[in-house]
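K.L.:
Shown below is the structure under consideration.
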Amino acid sequence: MAKSLAKSRRSARGRRNPSSRKQSPSRTFVGHRNYSLYVSRVLKEVVPERGMASPTFEIMNVLINNVFQRISARACSLMSFRNRCTLSAEDLREAVRLTLPDRLAQCAMAYGDEALQRYFSS
């Protein structure tokens, strides 16, 4: 009887409070998304036989979040400079053009325009 009581206490000890669980590193940063799933999907499309280590995924995640923050900050400043309350596609295009290098900005704007056309056509 005492063994079964002790066993039931042990099994319920760590599960009552969900905040007592150790959180993963991706959950500790508030406001940052984890893009490792998307990076792995693109990698499997490009090179199916290759993989990436988890530190490499973390570096890619930091890089994507950094670029996203830079573009969104630039777009927000453009929006406030033009005395607008709504972010438009033109503000975002201009922020990408100002933030990224020349060729990368052109490719990003081309893919963005294509995504917008697909969105509006559906």
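To be explicit about the labels: the chains of the structure tokens are called A, B, and onward in the order shown, and within each one the residues are counted from 1, while ligands get numbers from 1 in the order they are shown.
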Using only C-alpha atoms, determine which residues lie at most 12 Å from stretch 106-119 of chain A, disregarding the query and same-chain residues fewer than 3 positions distant; provide the list as a ChimeraX atom specification.

P.N.:
/A:71,89-103,122

K.L.:
Write out, as an mmCIF file, in the first residue's frame, the residues just selected, with C-alpha atoms.

P.N.:
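result-v3.cif written:
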```cif
data_model
loop_
_atom_site.group_PDB
_atom_site.id
_atom_site.type_symbol
_atom_site.label_atom_id
_atom_site.label_comp_id
_atom_site.auth_asym_id
_atom_site.auth_seq_id
_atom_site.Cartn_x
_atom_site.Cartn_y
_atom_site.Cartn_z
ATOM 1 C CA ILE A 71 12.674 45.417 -42.255
ATOM 2 C CA ALA A 89 2.622 47.184 -49.584
ATOM 3 C CA GLU A 90 4.529 50.221 -50.888
ATOM 4 C CA ASP A 91 5.955 50.908 -47.416
ATOM 5 C CA LEU A 92 7.079 47.315 -47.148
ATOM 6 C CA ARG A 93 8.634 47.337 -50.633
ATOM 7 C CA GLU A 94 10.542 50.519 -49.818
ATOM 8 C CA ALA A 95 11.718 49.077 -46.493
ATOM 9 C CA VAL A 96 13.017 45.943 -48.224
ATOM 10 C CA ARG A 97 14.744 48.040 -50.891
ATOM 11 C CA LEU A 98 16.424 50.228 -48.269
ATOM 12 C CA THR A 99 17.387 47.430 -45.878
ATOM 13 C CA LEU A 100 18.695 44.630 -48.108
ATOM 14 C CA PRO A 101 21.582 44.803 -50.599
ATOM 15 C CA ASP A 102 20.775 45.522 -54.255
ATOM 16 C CA ARG A 103 20.447 42.083 -55.857
ATOM 17 C CA SER A 122 -7.262 33.340 -55.281
#
```

K.L.:
How many Å lie between atom CA of A:Cys85 and atom CA of A:Arg33, rounded to one decimal?

P.N.:
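Separating atom CA of A:Cys85 from atom CA of A:Arg33 is a distance of 24.8 Å.
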
K.L.:
Report, in Å with one decimal, the straight-line distance from atom CA of A:Phe57 to atom CA of A:His32.

P.N.:
14.0 Å

K.L.:
If we count only C-alpha atoms, what is near A:Met52 at a cut-off of 10 Å, once residues fewer than 2 positions away on the same chain are taken out, given as a list in words?

P.N.:
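Answer for this query is Ser36, Val39, Ser40, Leu43, Arg50, Ser54, Pro55, Thr56 and Phe57 of chain A.
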
K.L.:
How many Å separate atom CA of A:Glu58 from atom CA of A:Ala75?

P.N.:
25.6 Å
